[in-house]
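One file, my_file-v3.txt, is given below (compact mmCIF, C-alpha atoms and all ligand atoms).
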```
# COMPACT_ATOMS: atom_id res chain seq x y z
CA MET A 1 14.03 5.04 -29.51
CA THR A 2 16.90 7.35 -28.52
CA ALA A 3 17.99 7.82 -24.91
CA ARG A 4 16.76 11.38 -25.09
CA ALA A 5 13.30 10.33 -26.22
CA GLU A 6 13.16 7.85 -23.35
CA THR A 7 13.98 10.44 -20.75
CA THR A 8 11.43 12.91 -22.10
CA ALA A 9 8.56 10.42 -22.56
CA PRO A 10 5.63 11.52 -20.38
CA ASP A 11 4.64 9.42 -17.40
CA LEU A 12 1.72 7.17 -18.12
CA LEU A 13 -0.22 8.89 -15.36
CA ARG A 14 0.40 12.23 -13.72
CA LEU A 15 -1.62 13.96 -11.04
CA ASP A 16 -0.79 17.59 -10.81
CA GLY A 17 -2.05 19.40 -7.69
CA VAL A 18 -5.32 17.46 -7.61
CA THR A 19 -7.78 18.66 -4.96
CA VAL A 20 -11.25 17.25 -4.24
CA ARG A 21 -13.65 18.70 -1.67
CA PHE A 22 -16.92 17.16 -0.58
CA GLY A 23 -19.54 19.67 0.57
CA SER A 24 -18.58 21.59 3.66
CA ALA A 25 -16.05 19.04 5.02
CA ASP A 26 -13.26 20.70 7.09
CA ARG A 27 -10.51 19.31 4.96
CA PRO A 28 -10.37 18.25 1.33
CA ALA A 29 -10.60 14.51 0.58
CA LEU A 30 -7.59 15.09 -1.70
CA ASP A 31 -5.35 18.02 -0.96
CA SER A 32 -3.17 19.16 -3.85
CA VAL A 33 -1.86 15.69 -4.67
CA ASP A 34 1.05 15.26 -7.09
CA LEU A 35 1.78 11.73 -8.28
CA ASP A 36 3.53 10.19 -11.28
CA VAL A 37 3.17 6.61 -12.42
CA ALA A 38 5.56 5.34 -15.12
CA ALA A 39 4.52 2.88 -17.82
CA HIS A 40 4.65 -0.75 -16.54
CA GLU A 41 4.92 0.40 -12.93
CA ILE A 42 2.81 -1.18 -10.18
CA VAL A 43 1.91 1.46 -7.62
CA CYS A 44 -0.09 0.72 -4.47
CA VAL A 45 -1.79 3.46 -2.54
CA LEU A 46 -1.93 2.64 1.13
CA GLY A 47 -3.47 4.45 4.07
CA PRO A 48 -6.02 4.36 6.85
CA SER A 49 -9.74 4.57 6.25
CA GLY A 50 -10.81 8.00 5.00
CA SER A 51 -7.32 9.08 3.87
CA GLY A 52 -8.50 9.61 0.27
CA LYS A 53 -7.40 6.41 -1.49
CA SER A 54 -10.66 5.66 -3.29
CA THR A 55 -11.19 9.31 -4.16
CA LEU A 56 -7.79 9.31 -5.83
CA LEU A 57 -8.76 6.32 -7.99
CA ARG A 58 -12.13 7.82 -8.81
CA VAL A 59 -10.54 11.07 -9.99
CA VAL A 60 -8.15 9.19 -12.26
CA ALA A 61 -11.03 7.12 -13.63
CA GLY A 62 -13.15 10.23 -14.27
CA LEU A 63 -15.83 9.10 -11.81
CA GLN A 64 -15.08 12.11 -9.64
CA GLN A 65 -14.30 15.61 -10.80
CA ALA A 66 -11.31 17.46 -9.36
CA ASP A 67 -11.98 20.88 -7.85
CA ALA A 68 -8.43 21.91 -8.72
CA GLY A 69 -5.46 20.39 -10.50
CA ARG A 70 -5.21 18.06 -13.48
CA VAL A 71 -5.04 14.37 -14.32
CA LEU A 72 -2.85 13.55 -17.31
CA LEU A 73 -2.71 10.21 -19.09
CA GLU A 74 0.27 9.84 -21.45
CA GLY A 75 0.69 13.61 -21.19
CA ARG A 76 -2.92 14.45 -22.13
CA ASP A 77 -5.12 16.44 -19.78
CA GLN A 78 -8.22 14.34 -19.00
CA THR A 79 -10.42 17.20 -17.85
CA GLY A 80 -13.85 16.61 -19.39
CA VAL A 81 -12.90 13.17 -20.79
CA PRO A 82 -15.54 10.61 -19.72
CA THR A 83 -14.52 7.36 -18.00
CA HIS A 84 -15.12 5.12 -21.02
CA ARG A 85 -12.79 7.24 -23.17
CA ARG A 86 -9.86 7.26 -20.74
CA GLY A 87 -8.62 3.78 -21.64
CA VAL A 88 -8.42 2.72 -18.00
CA GLY A 89 -9.63 -0.56 -16.53
CA LEU A 90 -11.38 -0.66 -13.17
CA MET A 91 -11.81 -3.43 -10.68
CA PHE A 92 -13.55 -2.31 -7.56
CA GLN A 93 -14.03 -3.90 -4.16
CA ASP A 94 -17.38 -5.55 -4.85
CA HIS A 95 -16.30 -6.95 -8.17
CA GLN A 96 -19.92 -7.17 -9.32
CA LEU A 97 -19.86 -9.83 -11.97
CA PHE A 98 -23.01 -10.07 -14.08
CA PRO A 99 -24.81 -13.02 -12.47
CA GLN A 100 -26.96 -13.79 -15.52
CA ARG A 101 -23.91 -14.16 -17.80
CA ASP A 102 -21.50 -17.08 -17.71
CA VAL A 103 -17.75 -16.61 -17.17
CA ALA A 104 -17.04 -15.96 -20.88
CA GLY A 105 -19.92 -13.47 -21.04
CA ASN A 106 -18.41 -11.56 -18.15
CA VAL A 107 -14.85 -11.54 -19.44
CA ALA A 108 -15.95 -10.57 -22.97
CA PHE A 109 -18.12 -7.68 -21.76
CA GLY A 110 -15.70 -4.84 -22.60
CA LEU A 111 -14.80 -6.46 -25.93
CA ARG A 112 -18.45 -6.75 -26.92
CA ILE A 113 -18.95 -3.05 -26.23
CA ARG A 114 -15.99 -2.32 -28.48
CA ARG A 115 -17.57 -4.57 -31.12
CA THR A 116 -14.53 -6.84 -31.27
CA ALA A 117 -15.03 -9.66 -33.81
CA ARG A 118 -16.34 -12.88 -32.28
CA THR A 119 -13.32 -15.03 -33.08
CA ASP A 120 -10.92 -12.46 -31.59
CA ARG A 121 -13.16 -12.16 -28.57
CA ASP A 122 -13.23 -15.91 -27.99
CA ARG A 123 -9.46 -16.13 -28.34
CA THR A 124 -8.85 -13.27 -25.90
CA VAL A 125 -11.26 -14.77 -23.36
CA ALA A 126 -9.52 -18.15 -23.58
CA GLU A 127 -6.07 -16.54 -23.20
CA LEU A 128 -7.11 -14.48 -20.22
CA LEU A 129 -8.77 -17.40 -18.46
CA ASP A 130 -5.53 -19.35 -18.91
CA LEU A 131 -3.58 -16.41 -17.49
CA VAL A 132 -5.72 -16.06 -14.39
CA GLY A 133 -5.63 -19.78 -13.72
CA LEU A 134 -9.15 -20.72 -14.86
CA PRO A 135 -8.55 -22.50 -18.17
CA GLY A 136 -11.68 -23.78 -19.86
CA ALA A 137 -14.07 -22.05 -17.42
CA GLN A 138 -15.91 -20.16 -20.20
CA ARG A 139 -19.29 -21.81 -19.74
CA ARG A 140 -19.36 -21.95 -15.96
CA ALA A 141 -22.08 -20.01 -14.16
CA VAL A 142 -20.76 -17.17 -12.03
CA ALA A 143 -22.72 -18.43 -9.02
CA SER A 144 -20.84 -21.75 -9.13
CA LEU A 145 -17.47 -20.04 -8.56
CA SER A 146 -15.69 -19.55 -5.25
CA GLY A 147 -14.86 -16.03 -4.04
CA GLY A 148 -11.28 -16.33 -5.27
CA GLU A 149 -12.39 -17.62 -8.67
CA GLN A 150 -14.86 -14.77 -9.02
CA GLN A 151 -12.07 -12.36 -8.24
CA ARG A 152 -9.99 -13.86 -11.04
CA VAL A 153 -12.89 -13.55 -13.49
CA ALA A 154 -13.29 -9.90 -12.49
CA LEU A 155 -9.61 -9.41 -13.12
CA ALA A 156 -9.79 -11.08 -16.54
CA ARG A 157 -12.77 -8.85 -17.37
CA ALA A 158 -10.82 -5.71 -16.40
CA LEU A 159 -7.79 -6.83 -18.43
CA ALA A 160 -9.71 -7.87 -21.57
CA PRO A 161 -9.89 -4.46 -23.29
CA ARG A 162 -6.12 -4.10 -22.65
CA PRO A 163 -6.38 -0.90 -20.63
CA ARG A 164 -3.33 1.36 -20.60
CA LEU A 165 -3.84 1.68 -16.85
CA LEU A 166 -5.48 -0.88 -14.61
CA MET A 167 -6.94 0.42 -11.38
CA LEU A 168 -7.79 -1.89 -8.53
CA ASP A 169 -9.65 -0.85 -5.39
CA GLU A 170 -9.07 -3.36 -2.57
CA PRO A 171 -8.83 -6.08 -5.22
CA LEU A 172 -8.57 -8.89 -2.70
CA GLY A 173 -10.54 -7.26 0.09
CA GLN A 174 -13.28 -9.86 0.37
CA LEU A 175 -11.06 -12.90 0.49
CA ASP A 176 -9.56 -14.73 3.43
CA ARG A 177 -5.91 -14.13 4.28
CA GLY A 178 -4.45 -17.37 2.89
CA LEU A 179 -6.06 -16.89 -0.49
CA ARG A 180 -5.08 -13.23 -0.57
CA GLU A 181 -1.46 -14.03 0.09
CA ARG A 182 -1.44 -16.54 -2.74
CA LEU A 183 -3.33 -14.36 -5.21
CA VAL A 184 -1.21 -11.29 -4.59
CA VAL A 185 1.90 -13.18 -5.70
CA GLU A 186 0.07 -14.43 -8.79
CA LEU A 187 -1.17 -10.94 -9.57
CA ARG A 188 2.29 -9.45 -9.44
CA ARG A 189 3.64 -12.12 -11.76
CA LEU A 190 0.72 -11.63 -14.12
CA PHE A 191 1.12 -7.86 -14.30
CA GLN A 192 4.84 -8.19 -14.87
CA GLU A 193 4.26 -10.71 -17.66
CA LEU A 194 1.70 -8.48 -19.36
CA GLY A 195 3.60 -5.25 -18.67
CA THR A 196 0.41 -3.78 -17.20
CA THR A 197 0.60 -0.41 -15.48
CA VAL A 198 -1.30 -0.69 -12.22
CA LEU A 199 -2.61 1.76 -9.67
CA ALA A 200 -4.05 -0.21 -6.77
CA VAL A 201 -5.58 0.83 -3.47
CA THR A 202 -5.44 -1.22 -0.33
CA HIS A 203 -5.45 -0.65 3.40
CA ASP A 204 -3.43 -3.85 3.90
CA GLN A 205 0.29 -3.07 4.01
CA GLY A 206 1.29 -6.71 3.50
CA GLU A 207 -0.69 -6.79 0.28
CA ALA A 208 0.74 -3.47 -0.92
CA PHE A 209 4.32 -4.50 -0.15
CA ALA A 210 3.94 -7.83 -1.93
CA LEU A 211 2.30 -6.34 -5.02
CA ALA A 212 3.94 -2.96 -5.58
CA ASP A 213 7.08 -1.63 -7.21
CA ARG A 214 6.30 1.57 -5.31
CA VAL A 215 3.95 2.38 -2.45
CA VAL A 216 2.26 5.69 -1.74
CA VAL A 217 1.14 6.24 1.86
CA MET A 218 -1.79 8.64 2.22
CA GLN A 219 -2.62 10.71 5.29
CA GLU A 220 -5.69 12.93 5.36
CA GLY A 221 -5.80 13.58 1.63
CA ARG A 222 -2.06 14.09 1.21
CA ILE A 223 0.86 11.87 0.31
CA ALA A 224 2.80 11.20 3.50
CA GLN A 225 5.52 9.15 1.78
CA THR A 226 6.28 7.42 -1.48
CA GLY A 227 9.06 4.93 -2.18
CA THR A 228 9.80 1.30 -2.87
CA PRO A 229 8.35 -1.08 -0.27
CA LEU A 230 11.86 -1.54 1.14
CA GLU A 231 12.55 2.20 1.37
CA VAL A 232 9.29 2.90 3.16
CA TRP A 233 9.77 -0.06 5.48
CA GLN A 234 13.37 0.82 6.31
CA ARG A 235 12.96 4.57 6.47
CA PRO A 236 9.44 5.64 7.35
CA ALA A 237 9.43 9.40 6.78
CA SER A 238 7.28 10.34 9.74
CA GLU A 239 5.76 9.04 12.95
CA PHE A 240 2.46 8.72 11.11
CA VAL A 241 3.97 6.35 8.52
CA ALA A 242 5.93 4.45 11.18
CA ARG A 243 2.84 3.82 13.29
CA PHE A 244 0.73 3.00 10.24
CA LEU A 245 3.26 0.27 9.40
CA GLY A 246 2.85 -1.07 12.92
CA PHE A 247 6.06 0.32 14.44
CA ASP A 248 5.29 1.49 17.96
CA ASN A 249 8.77 1.99 19.46
CA VAL A 250 8.63 5.76 18.98
CA VAL A 251 9.89 8.21 21.62
CA GLU A 252 10.95 11.82 22.10
CA ALA A 253 14.71 12.14 21.83
CA THR A 254 17.50 14.66 21.67
CA VAL A 255 20.40 13.93 19.36
CA GLN A 256 23.81 14.73 20.83
CA GLY A 257 26.72 13.64 18.66
CA GLU A 258 26.62 9.90 17.95
CA ALA A 259 23.73 9.05 20.27
CA ALA A 260 20.27 10.26 21.15
CA VAL A 261 19.13 10.81 24.73
CA THR A 262 15.78 9.00 25.14
CA PRO A 263 13.61 7.74 28.01
CA TRP A 264 15.36 4.38 27.41
CA GLY A 265 18.76 5.96 27.94
CA LYS A 266 21.30 6.63 25.20
CA VAL A 267 20.46 5.12 21.82
CA PRO A 268 23.08 4.99 19.01
CA ILE A 269 21.95 6.77 15.86
CA PRO A 270 22.95 6.66 12.19
CA ASN A 271 26.05 8.73 11.29
CA GLY A 272 25.45 12.28 10.21
CA THR A 273 22.25 12.90 12.16
CA PRO A 274 22.10 16.58 13.11
CA ASP A 275 21.97 17.48 16.82
CA GLY A 276 18.68 18.57 18.37
CA PRO A 277 15.24 17.31 19.43
CA CYS A 278 13.43 14.71 17.29
CA ARG A 279 11.13 11.71 17.41
CA LEU A 280 13.01 8.45 17.22
CA LEU A 281 11.89 5.03 15.96
CA VAL A 282 13.67 1.84 16.96
CA ARG A 283 12.51 -1.04 14.79
CA PRO A 284 11.90 -4.20 16.84
CA ALA A 285 14.76 -5.92 15.04
CA GLY A 286 17.09 -3.28 16.47
CA VAL A 287 16.32 -4.17 20.09
CA ARG A 288 19.03 -6.70 20.98
CA LEU A 289 18.55 -8.99 23.96
CA MET A 290 21.41 -9.75 26.31
CA PRO A 291 21.65 -11.60 29.57
CA ALA A 292 20.82 -9.43 32.62
CA PRO A 293 22.49 -7.47 34.18
CA GLU A 294 24.00 -6.21 30.89
CA GLY A 295 22.21 -3.39 29.02
CA LEU A 296 18.97 -1.65 29.98
CA PRO A 297 17.09 -3.92 32.44
CA CYS A 298 13.62 -5.03 31.22
CA ARG A 299 10.90 -7.47 32.23
CA VAL A 300 9.16 -9.51 29.53
CA ALA A 301 5.53 -8.35 29.67
CA ALA A 302 4.15 -10.47 26.79
CA ARG A 303 5.28 -12.65 23.91
CA THR A 304 3.45 -13.38 20.68
CA PHE A 305 4.37 -16.05 18.17
CA ARG A 306 4.46 -14.44 14.70
CA GLY A 307 5.35 -17.41 12.51
CA THR A 308 8.88 -16.35 11.52
CA HIS A 309 9.80 -14.81 14.89
CA VAL A 310 8.53 -14.00 18.37
CA ALA A 311 7.39 -10.48 19.19
CA LEU A 312 8.29 -9.57 22.77
CA LEU A 313 6.71 -6.71 24.68
CA LEU A 314 9.27 -5.43 27.16
CA GLN A 315 8.83 -3.17 30.17
CA PRO A 316 12.12 -1.37 30.75
CA SER A 317 13.18 -0.03 34.14
CA SER A 318 12.71 3.44 32.67
CA GLY A 319 10.70 4.67 29.69
CA PRO A 320 7.68 3.28 27.84
CA GLN A 321 7.21 -0.36 26.86
CA LEU A 322 8.88 -1.45 23.67
CA GLU A 323 8.70 -4.27 21.21
CA ALA A 324 11.57 -6.58 20.34
CA ALA A 325 11.78 -9.34 17.74
CA CYS A 326 13.70 -12.53 18.39
CA ALA A 327 14.03 -16.10 17.17
CA LEU A 328 11.73 -18.64 18.79
CA ARG A 329 14.56 -20.68 20.32
CA GLU A 330 15.99 -17.55 21.98
CA ALA A 331 12.72 -16.08 23.21
CA PRO A 332 12.56 -15.59 27.01
CA GLU A 333 9.41 -16.42 28.98
CA VAL A 334 6.90 -13.86 30.21
CA GLY A 335 8.12 -12.42 33.53
CA GLU A 336 11.80 -13.15 32.82
CA ARG A 337 14.34 -10.36 33.25
CA VAL A 338 16.60 -9.48 30.34
CA GLY A 339 18.88 -6.63 29.29
CA ILE A 340 18.63 -4.78 25.99
CA ALA A 341 20.85 -2.70 23.75
CA PHE A 342 20.01 -0.92 20.50
CA THR A 343 21.59 -1.24 17.04
CA ALA A 344 22.01 2.03 15.13
CA GLN A 345 21.05 0.55 11.77
CA ASP A 346 17.49 -0.06 13.00
CA VAL A 347 17.13 3.38 14.50
CA VAL A 348 15.26 5.91 12.35
CA VAL A 349 15.18 9.62 13.10
CA LEU A 350 11.67 10.80 12.25
CA ASP A 351 10.45 14.23 11.30
CA ALA A 352 10.80 16.37 14.43
CA THR A 353 8.12 18.85 13.47
CA GLU A 354 5.23 16.45 12.97
CA GLN A 355 2.10 17.69 14.70
CA ASP A 356 -0.46 15.07 13.93
CA ALA A 357 0.88 11.63 14.66
CA ALA A 358 -2.02 10.35 16.73
CA ASN A 359 -2.70 6.68 16.16
CA PRO A 360 -3.22 6.58 12.37
CA ALA A 361 -4.01 2.88 12.11
CA GLU A 362 -7.40 3.22 13.81
N1 LIG B 1 -19.31 10.98 -2.05
C1 LIG B 1 -18.80 11.52 -0.93
N2 LIG B 1 -19.47 12.50 -0.28
C2 LIG B 1 -18.95 13.07 0.82
N3 LIG B 1 -17.78 12.74 1.39
C3 LIG B 1 -17.07 11.75 0.79
C4 LIG B 1 -17.55 11.09 -0.39
N4 LIG B 1 -16.64 10.16 -0.75
C5 LIG B 1 -15.64 10.23 0.17
N5 LIG B 1 -15.90 11.18 1.08
C6 LIG B 1 -15.03 11.57 2.20
O1 LIG B 1 -13.74 11.83 1.69
C7 LIG B 1 -12.71 11.31 2.52
C8 LIG B 1 -11.85 10.32 1.77
O2 LIG B 1 -12.66 9.19 1.45
P1 LIG B 1 -12.11 7.95 0.62
O3 LIG B 1 -13.27 7.02 0.38
O4 LIG B 1 -11.36 8.44 -0.56
O5 LIG B 1 -11.11 7.31 1.67
P2 LIG B 1 -10.40 5.87 1.64
O6 LIG B 1 -8.99 6.12 2.04
O7 LIG B 1 -10.63 5.22 0.34
O8 LIG B 1 -11.17 5.12 2.81
P3 LIG B 1 -11.57 3.54 2.95
O9 LIG B 1 -10.29 2.81 3.18
O10 LIG B 1 -12.44 3.54 4.16
O11 LIG B 1 -12.28 3.14 1.69
C9 LIG B 1 -13.43 10.71 3.74
O12 LIG B 1 -13.46 11.67 4.75
C10 LIG B 1 -14.82 10.43 3.21
O13 LIG B 1 -15.77 10.51 4.25
```
What is this structure when it is put down as structure tokens?
Ligand SMILES: Nc1ncnc2c1ncn2[C@@H]1O[C@H](COP(=O)(O)OP(=O)(O)OP(=O)(O)O)[C@@H](O)[C@H]1O
Amino acid sequence: MTARAETTAPDLLRLDGVTVRFGSADRPALDSVDLDVAAHEIVCVLGPSGSGKSTLLRVVAGLQQADAGRVLLEGRDQTGVPTHRRGVGLMFQDHQLFPQRDVAGNVAFGLRIRRTARTDRDRTVAELLDLVGLPGAQRRAVASLSGGEQQRVALARALAPRPRLLMLDEPLGQLDRGLRERLVVELRRLFQELGTTVLAVTHDQGEAFALADRVVVMQEGRIAQTGTPLEVWQRPASEFVARFLGFDNVVEATVQGEAAVTPWGKVPIPNGTPDGPCRLLVRPAGVRLMPAPEGLPCRVAARTFRGTHVALLLQPSSGPQLEAACALREAPEVGERVGIAFTAQDVVVLDATEQDAANPAE
């Protein structure tokens, strides 16, 4: 293939101004959404409850009609194309295995419908069970499997017809945290090995960041931000995204030259930030502790052990409480007095015009 052909190849999936309205709701469930997913890309859609994540998947799958806009798969408009002709695989929250069929019967379901020859079917089932870590489980009854094993069977079933796009809705939603953390790593490796293009929906940012090449954060039917997990984590585009990711050190500020005037005093800001009012985020890692009386005086209001670090809640002498992250061996006790300073590289200037930043993680 020539370089030119590569650059002009259509995205595997494209949403072009897709809008969905339900009845007389005030706002659309999806509001003119544009989204491209390249072949072999793993994209996770993230957002609070009701932000439109499932509706987005349902529109792509053809389970929900768009009121405006188009869904294109490999450049072809899917308007009027039924779900079973779109070549997409679906794995939804309640993975609904067929209880009366054994594991092989479940995994082979899509192949049977396509009338795949028996020997090919058996080979594909065996290969997929190997891939998902359940070798030789063909004859096991679904009821005898653990939640995590059932999830893997559901995944093998969705992969069996080799869909050009695999869509997952809260794929690990029912499982406990430990198992989810393990499975998400396995899933990513599996999708990379198979070259599967994935559009997944989750409300769990940890899951999305571990699985995705790119995350899409939804807010009230619109895309609030899209980028690699690192980009979104380092540079949340708005207060909504920052708070959704769990960053709460957000204050009003006015940029003046190389610093911003905030209720916590002057905070250094990244070079090139234009002067004027804004909302400012200081990531907890950017709150540096120093022995009192240096820096802004604070009292330690609470400390929480977070495995890799300690999260400190600090009450400064002026301004709202803020969170700091520090190593366990350096963490002061509750009630202790410390000083703080801020590091510019962990300061993010957020969109100054945002109207609706009220607690999105509810
Ligand atoms: N069939 C429906 N009829 C009416 N309203 C609907 C329907 N499906 C979804 N909605 C509404 O559309 C909006 C988006 O819902 P959607 O299920 O896409 O959100 P979500 O981000 O997937 O939420 P969750 O994380 O809770 O699953 C919500 O306000 C929801 O109440």
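Among the candidate residues A:Ala104, A:Thr196, A:Gly133, A:Cys44, the one lying nearest to Ala212 (chain A) is A:Cys44, with distances computed using all atoms listed in the file.
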Practice problem: Measuring atom to atom with only C-alpha atoms, identify which of A:Leu46, A:Leu190, A:Val81, A:Ala253 is nearest to Val217 (chain A). | Solution: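 Among the listed residues, the smallest separation from Val217 (chain A) belongs to A:Leu46.
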Go ahead and fit an axis-aligned box to every listed atom of region 101-106 of chain A plus 3 Å each side, and pass me the centre and edge lengths in Å, one decimal, as JSON.
```
{"center_x": -20.5, "center_y": -14.3, "center_z": -19.1, "size_x": 12.9, "size_y": 11.5, "size_z": 9.9}
```
Quiz item: Looking at A:Gln192, A:Gln205, A:Thr116, A:Gln219, which one is nearest to ligand LIG 1 (chain B), with distances taken over all atoms listed in the file?
Solution: A:Gln219
Quiz item: For Thr19 (chain A), which residue out of A:His40, A:Arg182, A:Arg86, A:Arg222 is the nearest one, using all atoms listed in the file?
Solution: A:Arg222
Exercise. Can you tell me which residues come within 7 Å of ligand LIG 1 (chain B) when counting all atoms listed in the file, ideally as an NGL selection string?
Key: :A and (22-23 or 29 or 47-56 or 203 or 221)
Self-check item: All residues 9 Å or closer to Gly69 (chain A), only C-alpha atoms, same chain fewer than 2 positions away omitted, as a ChimeraX atom specification
Solution: /A:15-19,32-34,66-67,71
Quiz item: In terms of the shortest atom-to-atom distance over only C-alpha atoms, which of A:Ala39, A:Ile340, A:Ala311, A:Leu281 is closest to Arg243 (chain A)?
Solution: A:Leu281
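Counting only C-alpha atoms, the residue from A:Arg101, A:Arg279, A:Arg337, A:Arg329 that sits nearest to Ala260 (chain A) is A:Arg279.
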Self-check item: Atom pair CA of Leu230 (chain A) / CA of Leu280 (chain A): separation (Å)
Solution: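 Going from CA of Leu230 (chain A) over to CA of Leu280 (chain A) covers 19.0 Å.
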Practice problem: Quick one: pull the distance between CA of Phe209 (chain A) and CA of Leu72 (chain A), Å, one decimal. | Solution: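 For CA of Phe209 (chain A) relative to CA of Leu72 (chain A), the distance reads 25.9 Å.
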Quiz item: Distance CA of Ala331 (chain A)-CA of Ala292 (chain A), one decimal place?
Solution: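 A separation of 14.1 Å between them.
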Quiz item: Got a sec to check which residues sit within 12 Å of (6.1, -6.9, -3.7), counting all atoms listed in the file, and write them as a PyMOL selection string?
Solution: chain A and resi 41-44+181+184-189+191-192+205-215+228-230
Reconstruct region 84-104 of chain A at the level of N, CA and C atoms, and format the result as a PDB file, keeping the file's coordinate frame.
```
ATOM      1  N   HIS A  84     -15.265   6.154 -19.987  1.00  0.00           N
ATOM      2  CA  HIS A  84     -15.120   5.120 -21.020  1.00  0.00           C
ATOM      3  C   HIS A  84     -14.166   5.541 -22.141  1.00  0.00           C
ATOM      4  N   ARG A  85     -13.755   6.817 -22.142  1.00  0.00           N
ATOM      5  CA  ARG A  85     -12.790   7.240 -23.170  1.00  0.00           C
ATOM      6  C   ARG A  85     -11.379   7.417 -22.604  1.00  0.00           C
ATOM      7  N   ARG A  86     -11.193   7.051 -21.336  1.00  0.00           N
ATOM      8  CA  ARG A  86      -9.860   7.260 -20.740  1.00  0.00           C
ATOM      9  C   ARG A  86      -8.916   6.078 -20.949  1.00  0.00           C
ATOM     10  N   GLY A  87      -9.475   4.948 -21.397  1.00  0.00           N
ATOM     11  CA  GLY A  87      -8.620   3.780 -21.640  1.00  0.00           C
ATOM     12  C   GLY A  87      -8.077   3.177 -20.358  1.00  0.00           C
ATOM     13  N   VAL A  88      -8.858   3.308 -19.267  1.00  0.00           N
ATOM     14  CA  VAL A  88      -8.420   2.720 -18.000  1.00  0.00           C
ATOM     15  C   VAL A  88      -9.374   1.574 -17.640  1.00  0.00           C
ATOM     16  N   GLY A  89      -8.820   0.569 -16.979  1.00  0.00           N
ATOM     17  CA  GLY A  89      -9.630  -0.560 -16.530  1.00  0.00           C
ATOM     18  C   GLY A  89      -9.865  -0.424 -15.034  1.00  0.00           C
ATOM     19  N   LEU A  90     -11.036  -0.806 -14.588  1.00  0.00           N
ATOM     20  CA  LEU A  90     -11.380  -0.660 -13.170  1.00  0.00           C
ATOM     21  C   LEU A  90     -11.795  -1.985 -12.595  1.00  0.00           C
ATOM     22  N   MET A  91     -11.299  -2.259 -11.402  1.00  0.00           N
ATOM     23  CA  MET A  91     -11.810  -3.430 -10.680  1.00  0.00           C
ATOM     24  C   MET A  91     -12.015  -2.982  -9.241  1.00  0.00           C
ATOM     25  N   PHE A  92     -13.251  -2.850  -8.869  1.00  0.00           N
ATOM     26  CA  PHE A  92     -13.550  -2.310  -7.560  1.00  0.00           C
ATOM     27  C   PHE A  92     -13.873  -3.408  -6.558  1.00  0.00           C
ATOM     28  N   GLN A  93     -13.882  -2.991  -5.288  1.00  0.00           N
ATOM     29  CA  GLN A  93     -14.030  -3.900  -4.160  1.00  0.00           C
ATOM     30  C   GLN A  93     -15.073  -5.007  -4.370  1.00  0.00           C
ATOM     31  N   ASP A  94     -16.315  -4.572  -4.615  1.00  0.00           N
ATOM     32  CA  ASP A  94     -17.380  -5.550  -4.850  1.00  0.00           C
ATOM     33  C   ASP A  94     -17.371  -5.802  -6.344  1.00  0.00           C
ATOM     34  N   HIS A  95     -16.660  -6.831  -6.751  1.00  0.00           N
ATOM     35  CA  HIS A  95     -16.300  -6.950  -8.170  1.00  0.00           C
ATOM     36  C   HIS A  95     -17.482  -7.111  -9.103  1.00  0.00           C
ATOM     37  N   GLN A  96     -18.688  -7.252  -8.541  1.00  0.00           N
ATOM     38  CA  GLN A  96     -19.920  -7.170  -9.320  1.00  0.00           C
ATOM     39  C   GLN A  96     -19.855  -7.810 -10.702  1.00  0.00           C
ATOM     40  N   LEU A  97     -19.740  -9.118 -10.701  1.00  0.00           N
ATOM     41  CA  LEU A  97     -19.860  -9.830 -11.970  1.00  0.00           C
ATOM     42  C   LEU A  97     -21.338  -9.825 -12.364  1.00  0.00           C
ATOM     43  N   PHE A  98     -21.610 -10.000 -13.642  1.00  0.00           N
ATOM     44  CA  PHE A  98     -23.010 -10.070 -14.080  1.00  0.00           C
ATOM     45  C   PHE A  98     -23.513 -11.482 -13.812  1.00  0.00           C
ATOM     46  N   PRO A  99     -24.437 -11.660 -12.867  1.00  0.00           N
ATOM     47  CA  PRO A  99     -24.810 -13.020 -12.470  1.00  0.00           C
ATOM     48  C   PRO A  99     -25.522 -13.804 -13.571  1.00  0.00           C
ATOM     49  N   GLN A 100     -26.197 -13.084 -14.476  1.00  0.00           N
ATOM     50  CA  GLN A 100     -26.960 -13.790 -15.520  1.00  0.00           C
ATOM     51  C   GLN A 100     -26.070 -14.228 -16.685  1.00  0.00           C
ATOM     52  N   ARG A 101     -24.812 -13.745 -16.720  1.00  0.00           N
ATOM     53  CA  ARG A 101     -23.910 -14.160 -17.800  1.00  0.00           C
ATOM     54  C   ARG A 101     -22.946 -15.218 -17.268  1.00  0.00           C
ATOM     55  N   ASP A 102     -22.494 -16.095 -18.141  1.00  0.00           N
ATOM     56  CA  ASP A 102     -21.500 -17.080 -17.710  1.00  0.00           C
ATOM     57  C   ASP A 102     -20.114 -16.390 -17.657  1.00  0.00           C
ATOM     58  N   VAL A 103     -19.087 -17.173 -17.337  1.00  0.00           N
ATOM     59  CA  VAL A 103     -17.750 -16.610 -17.170  1.00  0.00           C
ATOM     60  C   VAL A 103     -17.301 -15.896 -18.456  1.00  0.00           C
ATOM     61  N   ALA A 104     -17.480 -16.570 -19.608  1.00  0.00           N
ATOM     62  CA  ALA A 104     -17.040 -15.960 -20.880  1.00  0.00           C
ATOM     63  C   ALA A 104     -17.807 -14.663 -21.129  1.00  0.00           C
TER      64      ALA A 104
END
```
